[in-house]
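Trainee: If you scroll down you'll find the structure; I have some questions about it.
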Amino acid sequence: MSEASAQVRIYDPSTSVVFLKTNEKFGGLSNMAPGYPLEVNGIAIRTSEALYQALRFPHMPDLQRVIIDEASPMTAKMRTKPHRENSREDWDRVRVKIMRWCLQVKLAQNVDAFGKLLLSTGEAPIVEFSKKDQFWGAEPGEDGRLVGMNVLGRLLMELREQFRSNGPEWVAKVDPLPIDHFDLLSRHIEPVFARWARSAEKASEARSASKRVPRDDLFSALAAPSFSGERAMADPVAPQVLNLPRYPEMRDTGLAWLPRAPAHWPVLRIKNVLREFDRKSKTGEERLLTLRMQAGLIDHERAGGKAIPPQALIGYRHVYAGDLVMNRMRASTGLFGIAPTEGLVSPDYATFHPIGDVDPTYLVYLFKTSAMGAVFRAESKGLGTGESGFLRLYTDRFNTIRITVPPLDEQRAIVRFLDWHGSLTAKLIRAKRRLIALLNEQKQAIVHRAVTRGLDPNARLVPSGVPWLGDIPEGWRTAPAMLLFDEKLIRNKGMIEKTVLSLSYGRLVVKPEERLRGLVPESFETYQVVEPGEIIVRTTDLQNDQKSLRVGLCATRGIITSAYLCLKPRSSLTSEFAYLVLHSYDVSKLFYSLGSGVRQNLGFNDIKRVPFPVPPVEQQQQLCEAVARATRDINQAIDQSTRELSLLEELRARLVADAVTGQLDVRAVAATLPETGAPELGSEVADADEELDPDAESDVEEAA
């Protein structure tokens with residue numbers, strides 16, 4: 001069977017998300033879909049199709065300009081037909097990689113609209129319907145099922161998995177592909193930033209350039225709290241960490257990803273330290289393990305997964321304690337783990353026995369570094385021939401990658417040091433996150449107190465008749481949302497408004513005019529017009545946003561995607577007070593319970609009977625001003641702790657990379673430390689950021 005034949009899939013349309021026309025429910029998944037503008041190297045591009053077609057001709061900038069200037073994506077595609085024989089020489093090998101990159105850019109710069117559309121497909125297979133292309137899509141077969149390689153659909157499923165697992169931060173910055181002549185209009189393509197991340201990136205660069213903090217000062221600053229009540233970390237070994245020495249003798253390695261390493265560290269191929277094995281379960285009765293980014297391989301059910309009957313696990317890979325497991329699709333993101341016990345893992349994972357003098361924990365630390373991630377990405381192979389296709393790291397390429405391998409006792413010393421340091425760091429991270437959570441709870445308590453009890457502590461209280469409200473001040477009343485708000489949905493037909501808004505961290509912000517240049521006006525006709533004083537509420541996928549209901553208060557007239565619920569307060573309720581009530585913790589919990597569907601989508605009918613407190617209008621304004629004053633310091637403390645948390649995580653990543661690549665010598669410090677075991681689920685190390693790392697088992701379908 002040829003490789004291409006082996007990649008053909010058969011899909012049932014009744015259980016799949018199938019897209020063809022751009023005006024259909026899932027038409028936005030198509031590269032032809034308008035309304036998802038891009039910007040690369042400061043150049044506005046209307047669709048991902050135009051970007052993809054332009055990248056076919058890096059050596060013909062005039063043709064690239066013609067392609068991206070076309071208003072219609074289909075016309076842009078047709079412009080390439082007379083020139084396809086002059087496509088870049090390696091087009092067949094890189095076209096799928098370029099398509100994946102274009103989709104990541106589409107997601108990065110349209111996180112709200114395109115991200116929601118991706119997540120709304122749930123776990124269903126995504127299929128592009130085609131009558132003439134079995135490579136990018138799938139054709140209808142005689143039995144009504146769809147048959148084809150469906151490369152575009154599978155790329156979208158891969159994108160969905162990574163976005164769901166890693167969140168918007170994953171596409172905050174999309175690096176250019178590491179291929180020759182990755183150019184647009186005679187300029188090499190630069191990193192593409194998400195619109196919401198660009199200002200943050202610039203601020204970070206400015207901060208780094210203006211204030212370089214020495215390693216010891218940075219560690220001390222992060223360890224010391226900025227908020228009263230949090231104790232500084234104290235450890236007698238800590239001062240030694242601040243001035244770690246370098247190895248006395250270094251040599252050139254010949255490795256592009258690691259130019260220099262300690263002179264006594266040999267360079268070996270991975271096949272010299274790991275050997276793949278493929279042992280399948282015949283009964284499915286072994287313990288099922290799931291692979292997570294921070295906790296590694298852990299018990300599936302203990303991690304919150306649903307019980308799976310043994311017959312469904314027959315054919316899963318059987319591993320023993322100490323085996324190394326790799327998720328082929330996400331190797332470049334560092335998804336490796338070590339089996340803590342005998343069990344089963346996904347049949348699409350790769351499983352290895354350590355051989356020779358090697359500590360598998362050292363290898364996992366090494367494989368999780370960003371430098372190794374870049375190597376894994378470059379060595380990945382996909383569908384079809386050559387290097388095109390899904391980023392799946394096959395064993396033949398994994399085996400040939402060369403790495404530095406210190407002596408076994410040094411590996412163990414590095415692991416001991418990093419485990420110890422990771423435990424300390426996890427304590428700090430956990431403390432910072434608890435502090436942020438406590439500050440948010442304190443803020444919510446202030447808001448809740450204000451919107452349910454008012455400002456006068458001596459006010460006479462009377463029963464409200466509403467369980468979540470309890471007693472309310474005399475003179476207040478309650479009313480259902482249907483009497484306090486009007487649901488408003490005015491489509492932006494004819495481009496009556498051109499100020500495009502987006503919801504960012506609880507605020508409605510205006511997208512800069514330069515970000516909208518070259519967009520097709522028709523793409524905004526599905527948007528809704530919003531006015532100052534109106535409230536925008538997130539309506540989709542509430543189950544993944546349980547920590548704060550996403551609400552924005554509109555300060556200027558503009559348009560926003562129709563994926564939000566627009567509420568216009570009536571005269572008895574000020575916009576500012578209604579905004580505070582919607583941020584009250586108890587109201588948020590109530591809204592989550594009312595959402596409908598698998599992902600708890602929210603509509604006005606779901607909330608129209610929710611009762612709201614209604615103080616006299618003059619009191620509402622006083623309450624809002626008092627809350628702003630009372631929460632000002634809390635907001636500043638949250639911002640400061642969030643910045644410190646980010647710096648702490650950067651420090652940890654840098655220290656791990658320096659230790660496992662021999663840029664710092666940790667042997668002396670490690671000799672003074674106790675042996676530490678691998679962290680288990682529930683430990684401080686595993687808990688440090690586990691809530692950001694959902695299960696990574698969705699690639700099992702690809703092995704079928």
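Letters for chains follow the order of the structure tokens (A, B, ...), residue numbers begin at 1 for each chain, and ligand numbers begin at 1 in the order shown.
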Based on the backbone DSSP call, show me all residues of stretch 51-297 of chain A assigned strand (DSSP E or B), as a ChimeraX atom specification.
Mentor: /A:126-129,138-140,146-148,173-174,183-184,187-188,192-193,250-252,260-262,267-269,274-277,280,288-292,296-297
Trainee: Under the rule that only C-alpha atoms are counted, which of A:Val358, A:Ala671, A:Ala295, A:Ala481 is the nearest residue to A:Ala339?
Mentor: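 Of the candidates, the smallest distance to A:Ala339 is held by A:Ala295.
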Trainee: Rank A:Thr499, A:Ala321, A:Pro176, A:Pro406 by their smallest atom-to-atom distance to A:Pro262, using only C-alpha atoms, and report the top residue only.
Mentor: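 Closest residue, counting only C-alpha atoms: A:Pro406.
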Trainee: My list of candidates is A:Gly322, A:Pro480, A:Gly334, A:Gly465. Which is closest to A:Val375 when distances are computed with only C-alpha atoms?
Mentor: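 Ranked by minimum distance to A:Val375, first place goes to A:Gly334.
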Trainee: Between atom CA of A:Ala555 and atom CA of A:Glu525, what is the distance, to one decimal in Å?
Mentor: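 The value is 21.4 Å.
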Trainee: Which residue out of A:Lys488, A:His448, A:Arg652, A:His59 has the minimum interatomic distance to A:Ala426 when only C-alpha atoms are used?
Mentor: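 Looking at the shortest contact to A:Ala426, the residue is A:Arg652.
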Trainee: Could you pull the residues within 7 Å of A:Asp323, counting only C-alpha atoms, minus those fewer than 5 positions along the same chain, as a list in words?
Mentor: Ile338, Ala339, Thr351, Phe352, His353 and Pro354 of chain A
Trainee: As a short mmCIF file (atom, residue, chain, number, x, y, z; two decimals) with C-alpha atoms, in the first residue's frame, please: the residues near A:Leu289 (cut-off 9 Å, only C-alpha atoms, same-chain neighbours under 2 positions excluded).
Mentor:
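Dumped everything to selection-v7.cif:
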```cif
data_model
loop_
_atom_site.label_atom_id
_atom_site.label_comp_id
_atom_site.auth_asym_id
_atom_site.auth_seq_id
_atom_site.Cartn_x
_atom_site.Cartn_y
_atom_site.Cartn_z
CA ARG A 287 -4.32 0.72 33.91
CA LEU A 291 -0.07 12.24 29.08
CA LEU A 297 1.98 10.22 32.50
CA ILE A 298 -0.74 9.93 35.11
CA ASP A 299 -3.75 7.74 35.79
CA HIS A 300 -6.53 8.55 33.32
CA GLU A 301 -9.43 8.36 35.78
CA ALA A 339 5.54 5.73 32.82
CA GLY A 343 -0.19 0.56 32.05
CA LEU A 344 -1.62 1.51 28.67
CA VAL A 345 -1.17 4.60 26.50
CA SER A 346 -2.65 5.79 23.22
#
```
Trainee: If we count only C-alpha atoms, what is near A:Pro532 at a cut-off of 12 Å, once residues fewer than 5 positions away on the same chain are taken out, given as a PyMOL selection string?
Mentor: chain A and resi 501+508+552-559+566-569+574-576
Trainee: Please save C-alpha atoms of the selected residues as a PDB file, in the first residue's frame.
Mentor:
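What ended up in result13.pdb:
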```pdb
ATOM      1  CA  LEU A 501     -14.585  46.459  18.631  1.00  0.00           C
ATOM      2  CA  LEU A 508     -14.236  46.586  24.874  1.00  0.00           C
ATOM      3  CA  GLY A 552     -17.745  44.217  28.431  1.00  0.00           C
ATOM      4  CA  LEU A 553     -19.220  47.692  28.853  1.00  0.00           C
ATOM      5  CA  CYS A 554     -19.369  49.590  25.589  1.00  0.00           C
ATOM      6  CA  ALA A 555     -17.919  53.114  25.708  1.00  0.00           C
ATOM      7  CA  THR A 556     -18.120  53.972  22.008  1.00  0.00           C
ATOM      8  CA  ARG A 557     -20.339  53.183  19.041  1.00  0.00           C
ATOM      9  CA  GLY A 558     -19.046  50.370  16.914  1.00  0.00           C
ATOM     10  CA  ILE A 559     -19.565  46.828  15.676  1.00  0.00           C
ATOM     11  CA  CYS A 566     -25.873  42.582  23.419  1.00  0.00           C
ATOM     12  CA  LEU A 567     -27.958  43.890  26.337  1.00  0.00           C
ATOM     13  CA  LYS A 568     -29.328  47.436  26.452  1.00  0.00           C
ATOM     14  CA  PRO A 569     -30.239  48.470  30.016  1.00  0.00           C
ATOM     15  CA  THR A 574     -27.542  52.175  34.899  1.00  0.00           C
ATOM     16  CA  SER A 575     -25.085  50.457  32.595  1.00  0.00           C
ATOM     17  CA  GLU A 576     -22.248  50.654  35.127  1.00  0.00           C
TER      18      GLU A 576
END
```
Trainee: With distances taken over only C-alpha atoms, which residue among A:Phe193, A:Phe114, A:Phe336, A:Phe612 lies nearest A:Thr478?
Mentor: A:Phe612
Trainee: Would you kindly return, as a PyMOL selection string, each protein, DNA or RNA residue with an atom no farther than 9 Å from any atom of stretch 658-665 of chain A, considering only C-alpha atoms and excluding same-chain residues fewer than 4 positions away?
Mentor: chain A and resi 244-247+250+258+260-262+265+362-363+365-366+369+404-406+411+414-415+417-418+653-654+669
Trainee: What's the 10 Å shell around A:Asp112, counting only C-alpha atoms, without same-chain residues fewer than 5 positions away, as a PyMOL selection string?
Mentor: chain A and resi 107+117+168+502-504+561+563
Trainee: Would you compute the distance between atom CA of A:Arg195 and atom CA of A:Glu39? Give it in Å to one decimal.
Mentor: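 Spanning atom CA of A:Arg195 to atom CA of A:Glu39 is a straight-line distance of 9.3 Å.
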Trainee: I need the residues of stretch 347-586 of chain A that end up classed as helix (DSSP H, G or I) by DSSP on the backbone, written out as a count of residues only.
Mentor: 99
